[in-house]
Amino acid sequence: MRRRCSIIFCISLIFATSTNSENLENDPIAKHPDCKKDVQVLQNMCEIRDEDLGNNWAILDCIDSLPADKQISESCDNHVWKFKLEVTKQDVFLDQAKEICGDDVKVCSEEENSEPGHFLACLVEKKHETKSLQCGKFLSQVENIIFSDYRIISTFMNACDKDISKLKCGKTRKSPDAHHSQGGTIQCLSENMEEVEASCKKEILTIAELQADDYHLDRALYLACKNDREEFCPRVQPGDGRVYKCLMKNKMSVSQTCQEQLVRRQQLISQDFKVDGGLVKACKEEIKHFSCRKGVDKDGKQTVKLAQILLCLEGKVRDGEDMGGKEISGMCINEMREIRRELMEDYSISPELVANCAVEIEHFCAATKTQRNGKTIHCLMKAAMDQSAENQKLAVNSAKSSFSKGCESALDQLVRETQVLSDWQADPVLEDACDEVVAAACDPKQGSDAVMSCLMEQLSKGSDRMTTQCSEVLMQVHYFLAREILIDEHLYKSCNKDAVKVCNGAPNWHQTEKDPRNQLVFPCLVRNLYADDYGEDDEETDGKKEDENVPKLSEECTQEVERTLRQRAMSVQLHPEIEEDCRNFLHTFCTTHTKPGEELGCLQENFKSLEGDCQKTVSKYTRIEAKNPFLHPIISKACSNLIERKCGLEAKAQDGSGVMECLVRQKMEHALGSKGAMNTKCRTVVEQWQILTLQDWRFSFKFKEACKDDIREHCTEPRPKKKQDVIECLVLAVASDTAEEEKHRIKKACRAELKFELLQKHSNVKLDPVLEEACGADIEKFCEKEIGEDGGLECLKSKGHDNLSRKCKKVLFQEEKEEAEDNDIDFALMRGCKREIKEHCADEDAKNVLQCLKDFSDDSNFDLKCLKVIGKRIIQHAKDYRLNPSLADSCKRDIPKFCGDVLNKINKGDEDFYEGHVIACLKQKAIQKHSKLSDQCRKEIMNTLSDSAKIVDADPVLEQNCPNSLAICRNKPNVDTGMKINECLKEMFEKKTLVDGELCNKHLAQIIEGTGADIHADPVLHNACAVDLRKFCRDVPQGEGRMFGCLVSVSREEKFSLEPECKTVLTKRIEMYDLAVKVAPLESAQELIQSVMKSPHRNYLVSTGMMFLGMVFVFGLCFGRVTKRLRNEIKNR
């Protein structure tokens, strides 16, 4: 580059003796460490002589003449900037200017007494108004050395001098068309706003405000986005911030350099809302009317952050406030919507995020930090949520989070500012992830807040329409939404009157950050959500109905509070009230429960161990969940499909308690793996809920509603709290009224719910705490491989009482007795025989259902599963007459009269279980020809004889007396039914091959003799002779051996012939009967006569009998012809 001879050198020579000049010259630029290397390059480029290197003016002249593509280093540029600032402030050339320009200096007379630097700057600015040619040239040269616009920028320079030096932001070169000299300096400072002092920051924002309307004034942005403006905004007219807005909308598409400048601009806006010209213009009246700057900008000179303006305006929109009858403008609302989306798109425009989350971004989100599409923000959200879950696994004192509280707070503030809760499209990641779900399940026409609510509903119910991607993003957002209760527009409007009336809420009670007392309003609404739930505490009501005066929330408010709780329940975070009261317990017992709803679930599972306020608080929220299972995130999610398929009517009617009962019924009615059964996850959570309700009867909402008055009246001193104790109290009251045949004191609705609770209790050992405690060891010992859905209950019932521990068999006996007295609570019977009950026994009394099923059990299409259950119950009831209510009632006088010695013998042995001995005694009395038992009792015993003939296990005495013989029969091939085993034993009796001694022989003899008492007691004979019984004995009354005697008589008549099978079986039975009488002689004379008929003297006896019959026949011909019907039937055979 050719070296120029300029007036600068002349000036430097002329004024070298000046004091100020001397001071500046004593600090040569060429020797300064920041510029040494640069000057070496400049010397060659500008052909500066070695002796001129100490001349700062020569160096400045060289720098000024550099082409646009050549730059000095930032550090040297910053040093030169400071040098020029000092030259400007010290008025180094002012005296020379006055001397050269003479009277021309009067053009700036107004600056004559101003601060240093202003007068010379004014002369340079107005050089075109001077008349002297020499003056004009001098000022043109000075213009390149000083800051000619110093009058404009002096305030900025003074405020930012230290920051410019610290950050090395001094920039000396400017564009030819730049409006002022400090464009580069301001750009550098604005890119480091978090590091500059408050006074400097204020000046930068003031300059940015001046640029707000015209993007040309922001030279850095203008130059960086010049081509992008032509491409994306060619038809947009400049002014009013229109070009800014267009470029912001296309931010993701513009060039990298333009993006960087837009981000810088957005960062300035976040610090001072007035930098956003569009917002200022669109919302000017609203900001003024609602005093959104109040509290910060008292004198109108302070900067107000964008966040404050947004939160202020959003609050007014949410509250539905207007401006003296004039609504908030659509332009303002749209402007806020665009700003919210910009904030969620790019983390770097939020200074708080940049300042507080730098470490987290590098650690967790390095891969996304360059992406300006919202992914970095969601990456941080996910990291915060994951870190919270991880910390829950650690003890409170050892939890070391690498996710800072400051970053979490900054994210929290961002979510609050952007109002994602009421505008799902403000979050580009959420919009992209959930667009399909919204299209399939939600109605965007209802508004953005309705869409967000819809999305949370789909998530909470585990809807098929909810995608994995959408649910993940929703949970990330909701983690922050749920950190505290955010009172959205719908909740506030719906509950405003209730908050004032019920909770004494002040105006604007939703603004919890302004008045801490407002934080108590929502918990109050929750407490009164189901007002009648809170009058049940003994210590609060002393048994009186005080809940009638408790104010209730309106239906509209109830729905909104339920919605808020339901959506909050999906969060990992607990309700603040629970977290506060149960913090110590959570850190001790629930550190691994980190998924949505699990912490409260953990507290509920350990309800017995909770104490004080924690137990009371958990109890309160559990009662709320009992009314509305949709507030229980695990149940509502695990069972969403089943609720939709099977409990739709209750769900549509918003009957939460009905849905819960529906789920319990579905669980009980359908065995695991069967058609229509609920999935394992749903079954598990419903069972956990059932177990939880045992802790407090109020946890079962329908039971509580139906029975609370009866409990208050009949269950006192003290009033029980556990459901088991309440049920026991009510059962005793019902049983007492039933036994005494008095009018029921317990209301019908309560009795129905009580029956449902008892059915649940009998469905699983886990739902019967008393039985579980008494029989836990027995189940482990005898039923480990037969646990099943009922926890081993049916297995226990199948075991003999002798095998069980005394404590267990006593409690189990009471369970069996309850089921026997009320078949409707026999879970296995109700589930196994559901179809048969509906078809045959729907109108039967509860205590007669089993007998009804037995009456139809011989039908060819009878359900085999039901038949199996009936068989089990027959076996159970045969063990003790008290388990057969019908028999016990029919024989209540006969038992002490004829079997008192058996009772006394058992009771003397300190034993409470009769193991079939009382029934065996009654059987022995019943088979006598002239039994002294009452007719009803004898009928019941005959039924038991018939049962035990079909089911060998229904004769416990046989099991005791003939175990070895039974084993032999059971091991024989094809002997696989009770009847076949009985036949096998009878054959062994006939062949005298029984191996168990005299007691077994005698008992088999009595069984065979039972055939003589009632042919129904021998199903093999009855089935074989069914045709002959209808043919010859249809008019013969049952009982007392009449039908068996009829067949024997017919078999002796030569005129009559029995069916071959009947004749064979009957002959065999007669022989067995003869043998049985010898082993166990009958008590009556008539049975002795019948036995003699088969003796060697029977011909004589038969002849005598025939003579008697002949006399009767002749008598009948004359007076009654009593044999006519029999003769006709035989004739028509």
# chains A, B, ... in the order shown; residues from 1 in each chain; ligands from 1
>>> residues_around(residues="stretch 88-95 of chain A", least_positions_apart="3", cutoff="6 Å", atoms="only C-alpha atoms", output="PyMOL selection string")
chain A and resi 20+85+98+116-117+120+146
>>> select_by_dssp(residues="stretch 565-713 of chain A", states="helix (DSSP H, G or I)", output="PyMOL selection string")
chain A and resi 565-569+576-581+583-589+598-605+607-609+612-627+629-631+633-638+640-646+648-652+656-669+680-693+697-699+701-713
>>> write_last_selection(atoms="C-alpha atoms", output="short mmCIF file (atom, residue, chain, number, x, y, z; two decimals), in the first residue's frame")
data_model
loop_
_atom_site.label_atom_id
_atom_site.label_comp_id
_atom_site.auth_asym_id
_atom_site.auth_seq_id
_atom_site.Cartn_x
_atom_site.Cartn_y
_atom_site.Cartn_z
CA LEU A 565 -56.25 -33.06 40.77
CA ARG A 566 -56.57 -35.69 38.05
CA GLN A 567 -54.01 -33.99 35.85
CA ARG A 568 -51.74 -33.32 38.78
CA ALA A 569 -51.94 -36.96 39.79
CA PRO A 576 -47.42 -30.13 48.35
CA GLU A 577 -49.57 -30.80 51.40
CA ILE A 578 -48.77 -34.52 51.36
CA GLU A 579 -45.10 -33.92 50.65
CA GLU A 580 -44.83 -31.49 53.55
CA ASP A 581 -46.62 -33.68 56.10
CA ARG A 583 -41.48 -35.89 54.07
CA ASN A 584 -39.68 -37.96 56.73
CA PHE A 585 -41.68 -41.08 55.99
CA LEU A 586 -41.12 -40.72 52.24
CA HIS A 587 -37.37 -40.52 52.69
CA THR A 588 -37.45 -43.60 54.90
CA PHE A 589 -39.82 -45.97 53.11
CA GLU A 598 -46.20 -44.23 43.19
CA GLU A 599 -45.25 -42.07 46.16
CA LEU A 600 -48.85 -41.67 47.31
CA GLY A 601 -49.37 -45.37 46.56
CA CYS A 602 -46.41 -46.17 48.81
CA LEU A 603 -47.88 -44.05 51.59
CA GLN A 604 -51.23 -45.82 51.19
CA GLU A 605 -49.62 -49.26 51.27
CA PHE A 607 -50.95 -46.52 55.93
CA LYS A 608 -50.81 -48.46 59.21
CA SER A 609 -47.30 -47.20 59.86
CA GLY A 612 -50.02 -37.85 62.99
CA ASP A 613 -50.56 -35.29 60.26
CA CYS A 614 -49.16 -37.58 57.58
CA GLN A 615 -51.79 -40.25 58.20
CA LYS A 616 -54.57 -37.65 58.34
CA THR A 617 -53.47 -36.05 55.08
CA VAL A 618 -53.08 -39.36 53.26
CA SER A 619 -56.47 -40.41 54.62
CA LYS A 620 -58.06 -37.24 53.22
CA TYR A 621 -56.68 -37.71 49.73
CA THR A 622 -57.48 -41.42 49.77
CA ARG A 623 -61.12 -40.62 50.51
CA ILE A 624 -61.11 -38.25 47.56
CA GLU A 625 -59.72 -41.02 45.35
CA ALA A 626 -62.40 -43.38 46.68
CA LYS A 627 -65.05 -41.03 45.32
CA PRO A 629 -60.75 -43.30 40.93
CA PHE A 630 -59.72 -41.10 37.99
CA LEU A 631 -57.74 -39.12 40.56
CA PRO A 633 -53.22 -42.22 38.29
CA ILE A 634 -52.20 -45.86 38.52
CA ILE A 635 -55.77 -47.21 38.55
CA SER A 636 -57.04 -44.85 35.86
CA LYS A 637 -54.12 -45.68 33.59
CA ALA A 638 -53.91 -49.43 34.22
CA SER A 640 -58.56 -47.34 31.22
CA ASN A 641 -59.55 -49.90 28.57
CA LEU A 642 -61.65 -51.92 30.99
CA ILE A 643 -63.40 -48.79 32.27
CA GLU A 644 -64.25 -47.86 28.71
CA ARG A 645 -65.52 -51.37 27.85
CA LYS A 646 -67.26 -52.46 31.04
CA GLY A 648 -68.83 -46.91 30.44
CA LEU A 649 -72.21 -45.97 31.92
CA GLU A 650 -70.68 -45.05 35.27
CA ALA A 651 -67.82 -43.19 33.59
CA LYS A 652 -70.16 -41.17 31.37
CA GLY A 656 -66.47 -42.21 40.14
CA SER A 657 -67.48 -44.45 43.04
CA GLY A 658 -69.62 -46.48 40.64
CA VAL A 659 -66.59 -46.96 38.40
CA MET A 660 -64.56 -48.22 41.36
CA GLU A 661 -67.25 -50.70 42.36
CA CYS A 662 -67.59 -51.77 38.74
CA LEU A 663 -63.85 -52.51 38.61
CA VAL A 664 -64.01 -54.56 41.80
CA ARG A 665 -66.98 -56.57 40.47
CA GLN A 666 -65.20 -57.20 37.18
CA LYS A 667 -62.18 -58.47 39.07
CA MET A 668 -64.28 -60.84 41.17
CA GLU A 669 -66.54 -62.09 38.40
CA THR A 680 -52.88 -58.39 35.32
CA LYS A 681 -51.80 -54.81 35.95
CA CYS A 682 -55.35 -53.58 36.44
CA ARG A 683 -56.17 -56.57 38.64
CA THR A 684 -53.14 -55.87 40.80
CA VAL A 685 -53.87 -52.19 41.38
CA VAL A 686 -57.57 -52.86 42.08
CA GLU A 687 -56.58 -55.50 44.63
CA GLN A 688 -54.14 -53.08 46.23
CA TRP A 689 -56.96 -50.57 46.49
CA GLN A 690 -59.22 -53.19 48.11
CA ILE A 691 -56.52 -53.94 50.67
CA LEU A 692 -56.08 -50.23 51.35
CA THR A 693 -59.79 -49.76 52.06
CA TRP A 697 -64.22 -47.85 56.24
CA ARG A 698 -64.48 -44.34 54.75
CA PHE A 699 -62.10 -45.36 51.97
CA PHE A 701 -67.18 -44.47 49.25
CA LYS A 702 -70.42 -46.29 48.40
CA PHE A 703 -70.26 -48.34 51.60
CA LYS A 704 -69.66 -45.17 53.59
CA GLU A 705 -72.51 -43.30 51.93
CA ALA A 706 -74.97 -46.16 52.42
CA CYS A 707 -74.00 -47.09 55.98
CA LYS A 708 -72.66 -43.97 57.72
CA ASP A 709 -75.92 -43.31 59.58
CA ASP A 710 -76.26 -46.93 60.69
CA ILE A 711 -72.62 -46.96 61.82
CA ARG A 712 -73.16 -43.79 63.84
CA GLU A 713 -76.21 -45.31 65.49
#
>>> residues_around(residues="stretch 793-805 of chain A", least_positions_apart="2", cutoff="7 Å", atoms="only C-alpha atoms", output="PyMOL selection string")
chain A and resi 764-765+778-779+783+786+790-791+807-809
>>> closest_residue(among="A:Leu525, A:Met157, A:Cys590, A:Leu421", to="A:Lys501", atoms="only C-alpha atoms")
A:Leu525
>>> closest_residue(among="A:Ile377, A:Ser132, A:Ser890, A:Ile153", to="A:His118", atoms="only C-alpha atoms")
A:Ile153
>>> residues_around(residues="A:Gln1038", least_positions_apart="6", cutoff="10 Å", atoms="only C-alpha atoms", output="number ranges by chain")
A: 939, 1013-1016, 1044
>>> closest_residue(among="A:Cys715, A:Val41, A:Leu529, A:Leu459", to="A:Lys552", atoms="only C-alpha atoms")
A:Leu529
>>> residues_around(residues="A:Val561", least_positions_apart="6", cutoff="10 Å", atoms="only C-alpha atoms", output="PyMOL selection string")
chain A and resi 487+490-492+494-495+522+525-526+529+553+555+567
>>> closest_residue(among="A:Ala842, A:Val420, A:Ile1008, A:Leu1075", to="A:Lys991", atoms="only C-alpha atoms")
A:Leu1075
>>> residues_around(residues="A:Leu1004", least_positions_apart="2", cutoff="10 Å", atoms="only C-alpha atoms", output="ChimeraX atom specification")
/A:958,961-962,982,985-986,988-990,994,998-1002,1006-1010,1076,1079-1080
>>> write_last_selection(atoms="N, CA and C atoms", output="compact mmCIF listing (two decimals), in the first residue's frame")
# COMPACT_ATOMS: atom_id res chain seq x y z
N LEU A 958 -66.41 -91.81 57.47
CA LEU A 958 -65.88 -92.86 56.60
C LEU A 958 -64.38 -92.63 56.37
N ASN A 961 -62.65 -93.74 59.60
CA ASN A 961 -62.71 -95.16 59.96
C ASN A 961 -62.13 -96.09 58.89
N CYS A 962 -62.12 -95.64 57.62
CA CYS A 962 -61.70 -96.54 56.54
C CYS A 962 -60.61 -95.96 55.65
N ASN A 982 -67.59 -95.73 46.37
CA ASN A 982 -68.56 -96.32 47.29
C ASN A 982 -68.90 -97.76 46.89
N LEU A 985 -66.09 -100.00 47.89
CA LEU A 985 -66.10 -100.29 49.32
C LEU A 985 -67.19 -101.32 49.66
N LYS A 986 -68.35 -101.19 49.03
CA LYS A 986 -69.44 -102.14 49.29
C LYS A 986 -69.06 -103.54 48.85
N MET A 988 -65.99 -104.66 48.72
CA MET A 988 -65.02 -105.13 49.70
C MET A 988 -65.73 -105.57 50.98
N PHE A 989 -66.81 -104.85 51.34
CA PHE A 989 -67.60 -105.24 52.51
C PHE A 989 -68.24 -106.60 52.29
N GLU A 990 -68.81 -106.76 51.10
CA GLU A 990 -69.49 -108.03 50.78
C GLU A 990 -68.49 -109.18 50.77
N LEU A 994 -62.35 -105.60 53.62
CA LEU A 994 -62.00 -104.30 54.19
C LEU A 994 -60.82 -104.47 55.15
N GLU A 998 -63.12 -103.21 62.68
CA GLU A 998 -64.53 -103.29 63.02
C GLU A 998 -65.28 -101.97 62.78
N LEU A 999 -64.66 -100.85 63.13
CA LEU A 999 -65.35 -99.57 62.96
C LEU A 999 -65.67 -99.30 61.49
N CYS A 1000 -64.76 -99.67 60.61
CA CYS A 1000 -64.98 -99.48 59.17
C CYS A 1000 -66.10 -100.40 58.70
N ASN A 1001 -66.06 -101.69 59.16
CA ASN A 1001 -67.12 -102.64 58.77
C ASN A 1001 -68.49 -102.14 59.21
N LYS A 1002 -68.55 -101.70 60.42
CA LYS A 1002 -69.83 -101.26 60.97
C LYS A 1002 -70.35 -100.03 60.22
N GLN A 1006 -73.84 -99.60 58.03
CA GLN A 1006 -74.84 -98.55 58.21
C GLN A 1006 -75.14 -97.82 56.89
N ILE A 1007 -74.10 -97.64 56.07
CA ILE A 1007 -74.31 -97.00 54.76
C ILE A 1007 -75.23 -97.87 53.92
N ILE A 1008 -74.99 -99.18 53.94
CA ILE A 1008 -75.82 -100.11 53.14
C ILE A 1008 -77.24 -100.15 53.70
N GLU A 1009 -77.36 -100.12 55.00
CA GLU A 1009 -78.69 -100.11 55.62
C GLU A 1009 -79.44 -98.82 55.27
N GLY A 1010 -78.69 -97.76 54.97
CA GLY A 1010 -79.34 -96.52 54.57
C GLY A 1010 -80.14 -96.69 53.30
N ALA A 1076 -75.23 -106.69 56.13
CA ALA A 1076 -75.10 -105.46 56.90
C ALA A 1076 -75.88 -105.55 58.21
N VAL A 1079 -73.94 -107.33 60.73
CA VAL A 1079 -72.80 -106.57 61.27
C VAL A 1079 -73.30 -105.46 62.19
N ALA A 1080 -74.38 -104.79 61.73
CA ALA A 1080 -74.94 -103.69 62.53
C ALA A 1080 -76.43 -103.89 62.62
>>> residues_around(residues="stretch 814-823 of chain A", least_positions_apart="5", cutoff="6 Å", atoms="only C-alpha atoms", output="PDB file with C-alpha atoms, in the first residue's frame")
ATOM      1  CA  ALA A 846     -79.604 -66.158  49.777  1.00  0.00           C
ATOM      2  CA  LYS A 847     -79.460 -69.113  52.167  1.00  0.00           C
ATOM      3  CA  LEU A 883     -72.292 -75.422  58.350  1.00  0.00           C
TER       4      LEU A 883
END
>>> atom_distance(atom1="atom CA of A:Ala926", atom2="atom CA of A:Leu887")
13.0 Å
